[in-house]
$ cat upload.txt   # compact mmCIF, C-alpha atoms and all ligand atoms
# COMPACT_ATOMS: atom_id res chain seq x y z
CA MET A 1 0.00 0.00 0.00
CA SER A 2 1.27 3.48 -0.76
CA GLU A 3 2.44 5.70 2.04
CA ALA A 4 0.07 7.64 4.30
CA VAL A 5 0.48 11.37 3.69
CA LEU A 6 -2.21 12.52 6.11
CA GLN A 7 -3.26 10.75 9.29
CA LEU A 8 -5.76 11.96 11.84
CA GLU A 9 -5.95 9.78 14.93
CA ASN A 10 -8.67 10.25 17.54
CA VAL A 11 -8.96 13.90 16.63
CA SER A 12 -11.52 15.94 18.56
CA ARG A 13 -12.33 19.61 18.25
CA VAL A 14 -14.34 21.45 20.85
CA TYR A 15 -14.95 25.18 20.71
CA VAL A 16 -15.36 26.79 24.10
CA GLN A 17 -17.12 30.12 24.35
CA GLY A 18 -17.78 31.21 27.91
CA GLN A 19 -19.93 28.50 29.48
CA ALA A 20 -20.79 26.92 26.14
CA ARG A 21 -18.90 23.98 24.68
CA LEU A 22 -19.51 23.13 21.05
CA THR A 23 -18.21 19.71 20.01
CA VAL A 24 -17.56 19.75 16.27
CA LEU A 25 -15.45 16.61 15.83
CA GLU A 26 -15.30 13.69 18.24
CA ASN A 27 -12.51 11.11 18.00
CA VAL A 28 -12.32 11.06 14.22
CA ASN A 29 -9.81 8.97 12.30
CA LEU A 30 -8.77 9.48 8.72
CA THR A 31 -5.90 8.25 6.57
CA LEU A 32 -5.11 9.67 3.15
CA ARG A 33 -2.57 7.77 1.11
CA GLN A 34 -0.37 9.13 -1.63
CA GLY A 35 -2.38 9.96 -4.73
CA GLU A 36 -5.78 9.36 -3.13
CA ILE A 37 -8.49 11.88 -3.91
CA VAL A 38 -11.19 11.94 -1.26
CA ALA A 39 -14.45 13.87 -1.16
CA LEU A 40 -15.60 15.35 2.14
CA LEU A 41 -19.36 15.80 2.28
CA GLY A 42 -21.62 17.08 5.01
CA PRO A 43 -24.18 19.79 5.63
CA SER A 44 -23.15 23.37 6.32
CA GLY A 45 -21.85 23.68 9.86
CA SER A 46 -21.02 19.97 10.17
CA GLY A 47 -17.30 20.59 10.54
CA LYS A 48 -15.74 20.20 7.06
CA SER A 49 -13.73 23.41 7.24
CA THR A 50 -12.71 22.64 10.81
CA LEU A 51 -11.39 19.25 9.69
CA LEU A 52 -9.47 20.82 6.80
CA HIS A 53 -7.99 23.50 9.07
CA ILE A 54 -6.81 20.85 11.53
CA ALA A 55 -5.40 18.69 8.73
CA GLY A 56 -3.67 21.77 7.31
CA LEU A 57 -2.13 22.69 10.67
CA LEU A 58 -4.00 25.99 10.68
CA GLU A 59 -5.63 25.16 13.98
CA PRO A 60 -4.74 22.55 16.57
CA PRO A 61 -7.09 19.72 17.53
CA SER A 62 -8.44 19.81 21.10
CA SER A 63 -7.03 16.30 21.37
CA GLY A 64 -5.64 13.64 19.07
CA THR A 65 -2.78 13.33 16.62
CA VAL A 66 -2.19 14.92 13.21
CA ARG A 67 0.52 13.39 11.07
CA ILE A 68 1.59 14.90 7.78
CA ASP A 69 3.83 12.78 5.58
CA GLY A 70 4.62 10.68 8.65
CA ILE A 71 5.57 13.68 10.79
CA ASP A 72 3.67 14.08 14.05
CA CYS A 73 2.69 17.73 14.08
CA SER A 74 0.32 17.64 17.04
CA HIS A 75 2.79 19.04 19.53
CA ALA A 76 5.17 20.70 17.11
CA ARG A 77 6.25 24.28 17.60
CA ASP A 78 4.84 27.02 15.37
CA SER A 79 7.99 27.21 13.28
CA LYS A 80 7.87 23.49 12.53
CA ARG A 81 4.17 23.56 11.73
CA THR A 82 4.76 26.48 9.38
CA ALA A 83 7.58 24.64 7.62
CA VAL A 84 5.54 21.46 7.22
CA ARG A 85 2.60 23.48 5.90
CA ARG A 86 4.78 25.35 3.42
CA ASP A 87 6.61 22.29 2.10
CA ARG A 88 4.00 19.55 2.19
CA ILE A 89 0.51 21.05 2.15
CA GLY A 90 -1.40 23.00 -0.51
CA PHE A 91 -4.65 24.89 0.06
CA VAL A 92 -7.49 25.88 -2.22
CA TYR A 93 -10.42 27.87 -0.85
CA GLN A 94 -13.84 28.71 -2.17
CA PHE A 95 -12.57 32.19 -2.98
CA HIS A 96 -9.28 32.37 -4.79
CA HIS A 97 -7.35 34.71 -2.42
CA LEU A 98 -4.92 35.62 -5.19
CA LEU A 99 -2.81 38.72 -4.68
CA PRO A 100 -4.50 41.43 -6.76
CA GLU A 101 -1.34 43.40 -7.60
CA PHE A 102 0.44 40.43 -9.13
CA SER A 103 0.00 38.52 -12.38
CA ALA A 104 -1.19 34.92 -12.55
CA LEU A 105 2.41 33.83 -13.12
CA GLU A 106 3.72 35.86 -10.17
CA ASN A 107 0.96 34.54 -7.90
CA VAL A 108 2.04 30.97 -8.66
CA MET A 109 5.73 31.84 -8.29
CA MET A 110 5.19 33.42 -4.87
CA PRO A 111 5.15 30.29 -2.67
CA MET A 112 8.30 29.06 -4.40
CA LEU A 113 10.11 32.36 -3.89
CA ILE A 114 9.09 32.31 -0.22
CA ALA A 115 10.49 28.77 0.00
CA GLY A 116 13.81 30.04 -1.38
CA ILE A 117 13.65 28.69 -4.92
CA ALA A 118 15.58 30.75 -7.50
CA LYS A 119 13.47 33.11 -9.56
CA ALA A 120 14.22 31.59 -12.97
CA GLU A 121 13.37 28.11 -11.76
CA ALA A 122 10.21 29.35 -10.04
CA ARG A 123 9.11 31.07 -13.24
CA THR A 124 9.67 27.95 -15.35
CA TRP A 125 7.80 25.76 -12.93
CA ALA A 126 4.92 28.23 -12.43
CA ARG A 127 4.51 28.53 -16.17
CA ALA A 128 4.37 24.74 -16.55
CA LEU A 129 1.65 24.49 -13.90
CA LEU A 130 -0.42 27.25 -15.49
CA VAL A 131 -0.04 25.71 -18.95
CA GLN A 132 -1.27 22.43 -17.50
CA MET A 133 -4.27 24.28 -16.08
CA GLY A 134 -5.05 25.58 -19.58
CA LEU A 135 -3.94 29.14 -18.81
CA GLU A 136 -1.06 29.62 -21.24
CA ALA A 137 -2.72 32.75 -22.63
CA ARG A 138 -3.34 34.26 -19.18
CA LEU A 139 0.11 34.27 -17.59
CA SER A 140 0.50 38.03 -17.34
CA HIS A 141 -3.11 38.80 -16.40
CA ARG A 142 -3.89 40.13 -12.97
CA PRO A 143 -6.67 38.31 -11.06
CA ALA A 144 -9.24 41.06 -11.76
CA LYS A 145 -8.80 40.42 -15.49
CA LEU A 146 -9.57 36.73 -15.14
CA SER A 147 -12.93 34.95 -15.01
CA GLY A 148 -13.99 33.13 -11.84
CA GLY A 149 -13.04 29.77 -13.31
CA GLU A 150 -9.66 31.08 -14.42
CA GLN A 151 -9.00 32.56 -10.97
CA GLN A 152 -9.69 29.20 -9.35
CA ARG A 153 -7.42 27.43 -11.82
CA VAL A 154 -4.62 29.86 -10.90
CA ALA A 155 -5.35 29.20 -7.21
CA ILE A 156 -5.02 25.44 -7.82
CA ALA A 157 -1.73 25.95 -9.68
CA ARG A 158 -0.48 28.08 -6.78
CA ALA A 159 -1.48 25.41 -4.25
CA LEU A 160 0.64 22.92 -6.19
CA ALA A 161 3.64 25.24 -6.55
CA ASN A 162 5.70 23.66 -3.79
CA ASN A 163 4.81 20.15 -4.89
CA PRO A 164 2.79 19.33 -1.76
CA LYS A 165 2.03 15.81 -0.59
CA VAL A 166 -1.50 16.81 0.34
CA LEU A 167 -3.88 19.25 -1.26
CA LEU A 168 -6.71 20.47 0.96
CA ALA A 169 -9.58 22.08 -0.90
CA ASP A 170 -12.52 23.75 0.83
CA GLU A 171 -15.45 23.91 -1.60
CA PRO A 172 -13.10 24.86 -4.45
CA THR A 173 -15.90 25.07 -7.01
CA GLY A 174 -18.59 26.28 -4.58
CA ASN A 175 -18.62 29.77 -6.02
CA LEU A 176 -18.84 28.76 -9.69
CA ASP A 177 -21.70 27.98 -12.03
CA GLU A 178 -22.21 24.34 -12.93
CA GLN A 179 -20.39 24.35 -16.25
CA THR A 180 -17.42 26.29 -14.92
CA ALA A 181 -17.29 24.06 -11.83
CA GLU A 182 -17.12 21.02 -14.10
CA MET A 183 -14.29 22.50 -16.16
CA VAL A 184 -12.29 23.56 -13.10
CA PHE A 185 -12.86 20.19 -11.44
CA ARG A 186 -11.67 18.35 -14.55
CA HIS A 187 -8.42 20.33 -14.51
CA PHE A 188 -8.11 19.70 -10.78
CA LEU A 189 -8.51 15.93 -11.21
CA ASP A 190 -6.13 15.78 -14.18
CA ILE A 191 -3.31 17.66 -12.50
CA THR A 192 -3.57 15.93 -9.11
CA ARG A 193 -3.79 12.48 -10.74
CA GLU A 194 -0.86 13.18 -13.02
CA ARG A 195 1.28 14.42 -10.17
CA GLY A 196 0.15 11.80 -7.67
CA THR A 197 -0.91 14.43 -5.14
CA ALA A 198 -3.36 13.30 -2.48
CA ALA A 199 -6.37 15.58 -2.06
CA LEU A 200 -9.14 16.06 0.47
CA VAL A 201 -11.94 18.05 -1.11
CA ALA A 202 -14.92 19.46 0.78
CA THR A 203 -17.85 19.85 -1.56
CA HIS A 204 -21.64 19.94 -1.71
CA ASN A 205 -21.60 18.58 -5.23
CA ILE A 206 -22.42 14.86 -5.11
CA ASP A 207 -21.69 14.39 -8.83
CA LEU A 208 -18.15 15.66 -8.38
CA ALA A 209 -17.78 13.65 -5.18
CA ARG A 210 -18.64 10.42 -7.02
CA ARG A 211 -15.71 10.95 -9.38
CA MET A 212 -13.22 10.92 -6.52
CA ASP A 213 -11.71 7.74 -5.08
CA ARG A 214 -13.68 7.74 -1.84
CA ILE A 215 -16.46 9.67 -0.18
CA ILE A 216 -16.41 10.54 3.50
CA ARG A 217 -19.30 12.25 5.25
CA VAL A 218 -19.20 14.31 8.41
CA ARG A 219 -22.22 13.25 10.42
CA ASP A 220 -22.91 13.77 14.13
CA HIS A 221 -19.27 14.80 14.77
CA GLN A 222 -18.02 11.58 13.19
CA LEU A 223 -16.61 10.60 9.80
CA VAL A 224 -18.64 8.01 7.93
CA GLU A 225 -17.12 6.29 4.89
CA GLU A 226 -19.47 5.43 2.03
P1 LIG B 1 -18.65 23.46 7.57
O1 LIG B 1 -17.35 23.84 6.91
O2 LIG B 1 -18.99 22.01 7.40
O3 LIG B 1 -19.76 24.34 7.11
P2 LIG B 1 -17.38 24.47 9.97
O4 LIG B 1 -16.22 23.59 10.20
O5 LIG B 1 -17.11 25.80 9.36
O6 LIG B 1 -18.49 23.68 9.14
O7 LIG B 1 -18.12 24.73 11.36
C1 LIG B 1 -18.52 23.67 12.19
C2 LIG B 1 -19.13 24.26 13.47
O8 LIG B 1 -18.11 24.84 14.25
C3 LIG B 1 -20.15 25.35 13.23
O9 LIG B 1 -21.17 25.19 14.17
C4 LIG B 1 -19.37 26.61 13.46
O10 LIG B 1 -20.21 27.64 13.89
C5 LIG B 1 -18.41 26.19 14.53
N1 LIG B 1 -17.13 26.93 14.51
C6 LIG B 1 -16.25 26.96 13.49
N2 LIG B 1 -15.18 27.70 13.81
C7 LIG B 1 -15.40 28.18 15.07
C8 LIG B 1 -14.67 29.01 15.98
N3 LIG B 1 -13.47 29.50 15.65
N4 LIG B 1 -15.21 29.28 17.18
C9 LIG B 1 -16.40 28.78 17.54
N5 LIG B 1 -17.14 27.98 16.74
C10 LIG B 1 -16.67 27.68 15.52
MG MG B 2 -16.93 25.20 5.44

$ encode --input "upload.txt" --output "structure tokens"
Amino acid sequence: MSEAVLQLENVSRVYVQGQARLTVLENVNLTLRQGEIVALLGPSGSGKSTLLHIAGLLEPPSSGTVRIDGIDCSHARDSKRTAVRRDRIGFVYQFHHLLPEFSALENVMMPMLIAGIAKAEARTWARALLVQMGLEARLSHRPAKLSGGEQQRVAIARALANNPKVLLADEPTGNLDEQTAEMVFRHFLDITRERGTAALVATHNIDLARRMDRIIRVRDHQLVEE
């Protein structure tokens, strides 16, 4: 079996506000292996984003273990969590969060430059990713000059810039019309499959979910595999 790139073991998340305790996740377990593409379904407020934030080391679990690429990050210091996130995890959100002052190419280069990759190499690699996303004619466009579908394709290319082991996507096509969602999703599947990147994708779209390798539902604070 291929290696586990994301492991959640007995992960719970409880939000405490004053006297109130809100349990969102209760002792959930999840393993994502290299190249696996997994859909995360569940009604609004069920905890999909919370799960993705914990998996992406953006927030700590209340208890339990988070392992990325075999590295136990549960008790790691901020600097280590940041390094693991930068080198091994990619994020795509419902809204693209591209930097408005920079071109598509520069937006995709940015994570590589931050990681210390030489500019020429970053440019070559960013261009290759954008070409693969069907954006060869949009390299020098700023985000405002791109359509919603194009913006999301740039965001996906950017998430893959540092060649992550795990891509975490939070309703990546949730803001797009059906046809555009289909086109963006097809690019997403092609590029992650070709590169062997594992992905955990929160979505409300059952048709897209069925085209992934597995479907997991968040239900009553638990994960249920279909
Ligand atoms: P989903 O992404 O499935 O819509 P979320 O993970 O965003 O669900 O939210 C799950 C539950 O946790 C919701 O009830 C939400 O209000 C609550 N929640 C999320 N983040 C926080 C927070 N930082 N503080 C308190 N409650 C939160
Ligand atoms: Mg959410």

$ residues_around --input "upload.txt" --residues "Leu51 of chain A" --least-positions-apart "2" --cutoff "12 Å" --atoms "only C-alpha atoms" --output "ChimeraX atom specification"
/A:6-8,11-14,24-30,40-42,45-49,53-62,66,168-170,200-202,216-218,221-223

$ closest_residue --input "upload.txt" --among "A:Met109, A:Val166, A:Val5, A:Gln17" --to "ligand LIG 1 (chain B)" --atoms "all atoms listed in the file"
A:Gln17

$ closest_atom_pairs --input "upload.txt" --of "segment 178-219 of chain A" --to "segment 126-139 of chain A" --cutoff "10 Å" --atoms "all atoms listed in the file" --output "JSON lines"
{"residue": "A:Val184", "atom": "CA", "partner": "A:Met133", "partner_atom": "CA", "distance": 8.6}
{"residue": "A:Arg186", "atom": "CA", "partner": "A:Met133", "partner_atom": "CA", "distance": 9.6}
{"residue": "A:His187", "atom": "CA", "partner": "A:Met133", "partner_atom": "CA", "distance": 5.9}
{"residue": "A:Phe188", "atom": "CA", "partner": "A:Met133", "partner_atom": "CA", "distance": 8.0}
{"residue": "A:Asp190", "atom": "CA", "partner": "A:Gln132", "partner_atom": "CA", "distance": 8.9}
{"residue": "A:Ile191", "atom": "CA", "partner": "A:Gln132", "partner_atom": "CA", "distance": 7.2}

$ closest_residue --input "upload.txt" --among "A:Asp207, A:Glu150, A:Asp220, A:Asp78" --to "His96 of chain A" --atoms "only C-alpha atoms"
A:Glu150

$ residues_around --input "upload.txt" --residues "Pro143 of chain A" --least-positions-apart "4" --cutoff "7 Å" --atoms "all atoms listed in the file" --output "ChimeraX atom specification"
/A:98,100,103-104,151

$ closest_residue --input "upload.txt" --among "A:Thr203, A:Gln34, A:Thr82, A:Thr173" --to "ligand MG 2 (chain B)" --atoms "only C-alpha atoms and all ligand atoms"
A:Thr203

$ closest_residue --input "upload.txt" --among "A:Val154, A:Ala39, A:Val84, A:Ala198" --to "Ser2 of chain A" --atoms "only C-alpha atoms"
A:Ala198

$ residues_around --input "upload.txt" --residues "segment 158-164 of chain A" --least-positions-apart "2" --cutoff "6 Å" --atoms "only C-alpha atoms" --output "VMD selection string"
chain A and resid 88 to 91 108 155 to 156 166

$ atom_distance --input "upload.txt" --atom1 "atom CA of Val38 of chain A" --atom2 "atom CA of Asn10 of chain A"
19.0 Å

$ closest_residue --input "upload.txt" --among "A:Thr31, A:Asn107, A:Gln19, A:Gln152" --to "Met183 of chain A" --atoms "only C-alpha atoms"
A:Gln152

$ closest_residue --input "upload.txt" --among "A:Asp87, A:Glu178, A:Glu171, A:Glu101" --to "ligand LIG 1 (chain B)" --atoms "only C-alpha atoms and all ligand atoms"
A:Glu171
